[in-house]
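First comes the structure, then the notes that go with it.
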Amino acid sequence: MTRSPELIAAAETPDGLVTVTDEAAVRAEVAVWRARVLKAPGLWDRTTRGAQVRINRIIPERVHAIVTAGIAAMTGGIMTGSDLLKVRPLGDGSLAAREVRVRQVISRYRNTAGVEGGVAGAGGFVLAAADFPALMAIKVRMLGEIVGGYGWGGGTLRERLFVLHIFHLAFASAARRPGALAALEAWIDDRDQPDGIEDYDWRSFQIEYRDHIDLAKMAQLIPVVGAPIGAVVNWRLVERLGETAMMACRMRWLAES
């Protein structure tokens, strides 16, 4: 006599089950994201760039100096700091299981950045400017945990450049995103890589990030209007970085497997 399969009631389904990731689906999602990255600059990109220039003109020079120093410190932290060494790469696990953890990491850092941005946005120029280096530190630590979640990381030049390429691609202007993506793909293929930290053009990266930082983030520096948008801006910037990091790690995972 053939027995019917036992069914588990929905209320009794165990929590924390990990869905098996289909490689074809992952490749399709990466392809859609890649096409979005390569999309040519549109009217909105050109318009927001002009607005950024006007906002930059009304922000005090001392605030610009604080922001620039924060970006320089962030870049130095990626290239020579110890934050990336503190994360222990995850030794084993399927891609699906790793991405469950990675999404939790992104959610945690996204919420932290949102709270900090909301507080800083209410403080006018000086406090909002001080949020820049703090947000930089949050981004670097999050990237370290995301990359570690996929099983990579460490203080080697190659691994530090991977993190820097992710950061660069996440915040490059629409016109320069194709070049940033090409540089990331060259890293994955191990093509045309620098021999030392001093050979990487990190100063250009620093300037580009400063020039093309999100319009709303610059608006956060303006008193009154900065308060209500600070939390949303930080939340969105970290979300963008998290998505870029996941897609970059997926590209690397597929290439290495």
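In the structure tokens, chains take the letters A, B, ... in the order shown, each chain's residues start at 1, and ligands count up from 1 in the order shown.
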task: Please provide the set of residues having any atom within 10 Å of Ala255 in chain A, restricted to only C-alpha atoms, with same-chain residues fewer than 2 positions apart removed, written as a PyMOL selection string.
output: chain A and resi 185+188-189+249-253+257
Kindly export the residues of the current selection with N, CA, C and O atoms, as a PDB file, in the first residue's frame.
ATOM      1  N   GLU A 185      35.427  44.457 -13.439  1.00  0.00           N
ATOM      2  CA  GLU A 185      35.507  43.213 -14.205  1.00  0.00           C
ATOM      3  C   GLU A 185      36.955  42.840 -14.503  1.00  0.00           C
ATOM      4  O   GLU A 185      37.308  41.646 -14.527  1.00  0.00           O
ATOM      5  N   ILE A 188      38.211  41.195 -11.386  1.00  0.00           N
ATOM      6  CA  ILE A 188      37.718  39.820 -11.269  1.00  0.00           C
ATOM      7  C   ILE A 188      38.508  38.887 -12.186  1.00  0.00           C
ATOM      8  O   ILE A 188      38.834  37.754 -11.818  1.00  0.00           O
ATOM      9  N   ASP A 189      38.850  39.377 -13.387  1.00  0.00           N
ATOM     10  CA  ASP A 189      39.618  38.574 -14.343  1.00  0.00           C
ATOM     11  C   ASP A 189      41.116  38.622 -14.068  1.00  0.00           C
ATOM     12  O   ASP A 189      41.900  37.974 -14.777  1.00  0.00           O
ATOM     13  N   CYS A 249      29.923  40.809  -5.738  1.00  0.00           N
ATOM     14  CA  CYS A 249      30.303  39.522  -5.160  1.00  0.00           C
ATOM     15  C   CYS A 249      29.683  38.368  -5.935  1.00  0.00           C
ATOM     16  O   CYS A 249      30.300  37.305  -6.077  1.00  0.00           O
ATOM     17  N   ARG A 250      28.479  38.569  -6.447  1.00  0.00           N
ATOM     18  CA  ARG A 250      27.867  37.532  -7.288  1.00  0.00           C
ATOM     19  C   ARG A 250      28.685  37.331  -8.560  1.00  0.00           C
ATOM     20  O   ARG A 250      28.908  36.191  -9.004  1.00  0.00           O
ATOM     21  N   MET A 251      29.127  38.431  -9.178  1.00  0.00           N
ATOM     22  CA  MET A 251      29.962  38.327 -10.374  1.00  0.00           C
ATOM     23  C   MET A 251      31.245  37.561 -10.065  1.00  0.00           C
ATOM     24  O   MET A 251      31.670  36.697 -10.845  1.00  0.00           O
ATOM     25  N   ARG A 252      31.846  37.869  -8.940  1.00  0.00           N
ATOM     26  CA  ARG A 252      33.089  37.182  -8.550  1.00  0.00           C
ATOM     27  C   ARG A 252      32.814  35.715  -8.243  1.00  0.00           C
ATOM     28  O   ARG A 252      33.593  34.831  -8.636  1.00  0.00           O
ATOM     29  N   TRP A 253      31.713  35.443  -7.555  1.00  0.00           N
ATOM     30  CA  TRP A 253      31.350  34.060  -7.200  1.00  0.00           C
ATOM     31  C   TRP A 253      31.152  33.225  -8.458  1.00  0.00           C
ATOM     32  O   TRP A 253      31.662  32.104  -8.555  1.00  0.00           O
ATOM     33  N   SER A 257      33.554  30.111  -9.622  1.00  0.00           N
ATOM     34  CA  SER A 257      32.957  28.774  -9.545  1.00  0.00           C
ATOM     35  C   SER A 257      32.868  28.122 -10.908  1.00  0.00           C
ATOM     36  O   SER A 257      32.526  26.947 -11.002  1.00  0.00           O
TER      37      SER A 257
END
message: Show me, as a PyMOL selection string, the residues that have an atom within 10 Å of Leu184 in chain A when counting only C-alpha atoms, minus same-chain residues fewer than 3 positions from it.
response: chain A and resi 161-166+168-169+178-181+187-191+248+251-252
Can I get the selection written as an mmCIF file, in the first residue's frame, with C-alpha atoms?
data_model
loop_
_atom_site.group_PDB
_atom_site.id
_atom_site.type_symbol
_atom_site.label_atom_id
_atom_site.label_comp_id
_atom_site.auth_asym_id
_atom_site.auth_seq_id
_atom_site.Cartn_x
_atom_site.Cartn_y
_atom_site.Cartn_z
ATOM 1 C CA LEU A 161 41.206 46.939 -4.351
ATOM 2 C CA PHE A 162 38.082 44.791 -4.657
ATOM 3 C CA VAL A 163 36.424 46.827 -1.901
ATOM 4 C CA LEU A 164 37.567 50.069 -3.493
ATOM 5 C CA HIS A 165 36.195 49.050 -6.897
ATOM 6 C CA ILE A 166 32.812 48.296 -5.313
ATOM 7 C CA HIS A 168 33.773 53.449 -6.758
ATOM 8 C CA LEU A 169 31.100 51.762 -8.876
ATOM 9 C CA PRO A 178 30.816 52.018 -17.426
ATOM 10 C CA GLY A 179 34.501 52.664 -16.734
ATOM 11 C CA ALA A 180 34.089 51.752 -13.071
ATOM 12 C CA LEU A 181 32.313 48.524 -14.032
ATOM 13 C CA TRP A 187 39.894 42.961 -11.228
ATOM 14 C CA ILE A 188 37.718 39.820 -11.269
ATOM 15 C CA ASP A 189 39.618 38.574 -14.343
ATOM 16 C CA ASP A 190 42.937 39.588 -12.706
ATOM 17 C CA ARG A 191 43.880 41.796 -15.645
ATOM 18 C CA ALA A 248 29.915 42.518 -7.456
ATOM 19 C CA MET A 251 29.962 38.327 -10.374
ATOM 20 C CA ARG A 252 33.089 37.182 -8.550
#
message: With distances taken over only C-alpha atoms, which residue among A:Glu256, A:Glu29, A:Glu145, A:Glu159 lies nearest Lys86 in chain A?
response: A:Glu145
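When only C-alpha atoms are used to measure the gap to Ser94 in chain A, the shortest distance among A:Glu61, A:Asp22, A:Glu243, A:Asp195 belongs to A:Asp22.
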- prompt: Near Val140 in chain A, counting only C-alpha atoms, which residues have an atom at most 9 Å away, once you skip same-chain residues fewer than 3 positions from it, shown as a VMD selection string?
  reply: chain A and resid 74 77 to 78 83 to 84 135 to 137 143 to 145 163 167
Output N, CA and C atoms of each residue in that selection to a file, as a CSV table (one decimal), in the first residue's frame.
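For reference, selection.csv as written:
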chain,number,residue,atom,x,y,z
A,74,MET,N,38.4,58.0,4.5
A,74,MET,CA,37.8,56.8,4.1
A,74,MET,C,38.6,56.0,3.1
A,77,GLY,N,41.4,54.5,4.8
A,77,GLY,CA,41.0,53.4,5.6
A,77,GLY,C,40.9,52.1,4.8
A,78,ILE,N,40.4,52.2,3.6
A,78,ILE,CA,40.2,51.1,2.7
A,78,ILE,C,41.6,50.5,2.3
A,83,ASP,N,40.3,48.0,9.5
A,83,ASP,CA,38.9,47.6,9.6
A,83,ASP,C,38.6,46.3,8.8
A,84,LEU,N,39.2,46.2,7.6
A,84,LEU,CA,39.0,45.1,6.8
A,84,LEU,C,39.6,43.8,7.3
A,135,LEU,N,29.6,58.4,8.3
A,135,LEU,CA,28.9,57.6,7.3
A,135,LEU,C,30.0,56.8,6.4
A,136,MET,N,31.1,57.4,6.2
A,136,MET,CA,32.2,56.7,5.5
A,136,MET,C,32.6,55.4,6.2
A,137,ALA,N,32.8,55.6,7.5
A,137,ALA,CA,33.2,54.5,8.4
A,137,ALA,C,32.2,53.4,8.4
A,143,LEU,N,31.0,47.0,3.9
A,143,LEU,CA,31.6,46.4,2.8
A,143,LEU,C,32.5,45.2,3.3
A,144,GLY,N,33.2,45.4,4.4
A,144,GLY,CA,34.1,44.4,4.9
A,144,GLY,C,33.3,43.1,5.3
A,145,GLU,N,32.1,43.4,5.9
A,145,GLU,CA,31.3,42.3,6.4
A,145,GLU,C,30.6,41.6,5.2
A,163,VAL,N,37.3,46.0,-2.7
A,163,VAL,CA,36.4,46.8,-1.9
A,163,VAL,C,36.4,48.2,-2.5
A,167,PHE,N,33.1,50.3,-4.1
A,167,PHE,CA,32.7,51.7,-3.6
A,167,PHE,C,32.7,52.6,-4.8
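With distances restricted to only C-alpha atoms, A:Val105 is the closest residue to Met246 in chain A from A:Val105, A:Ala69, A:Ala186, A:Leu157.
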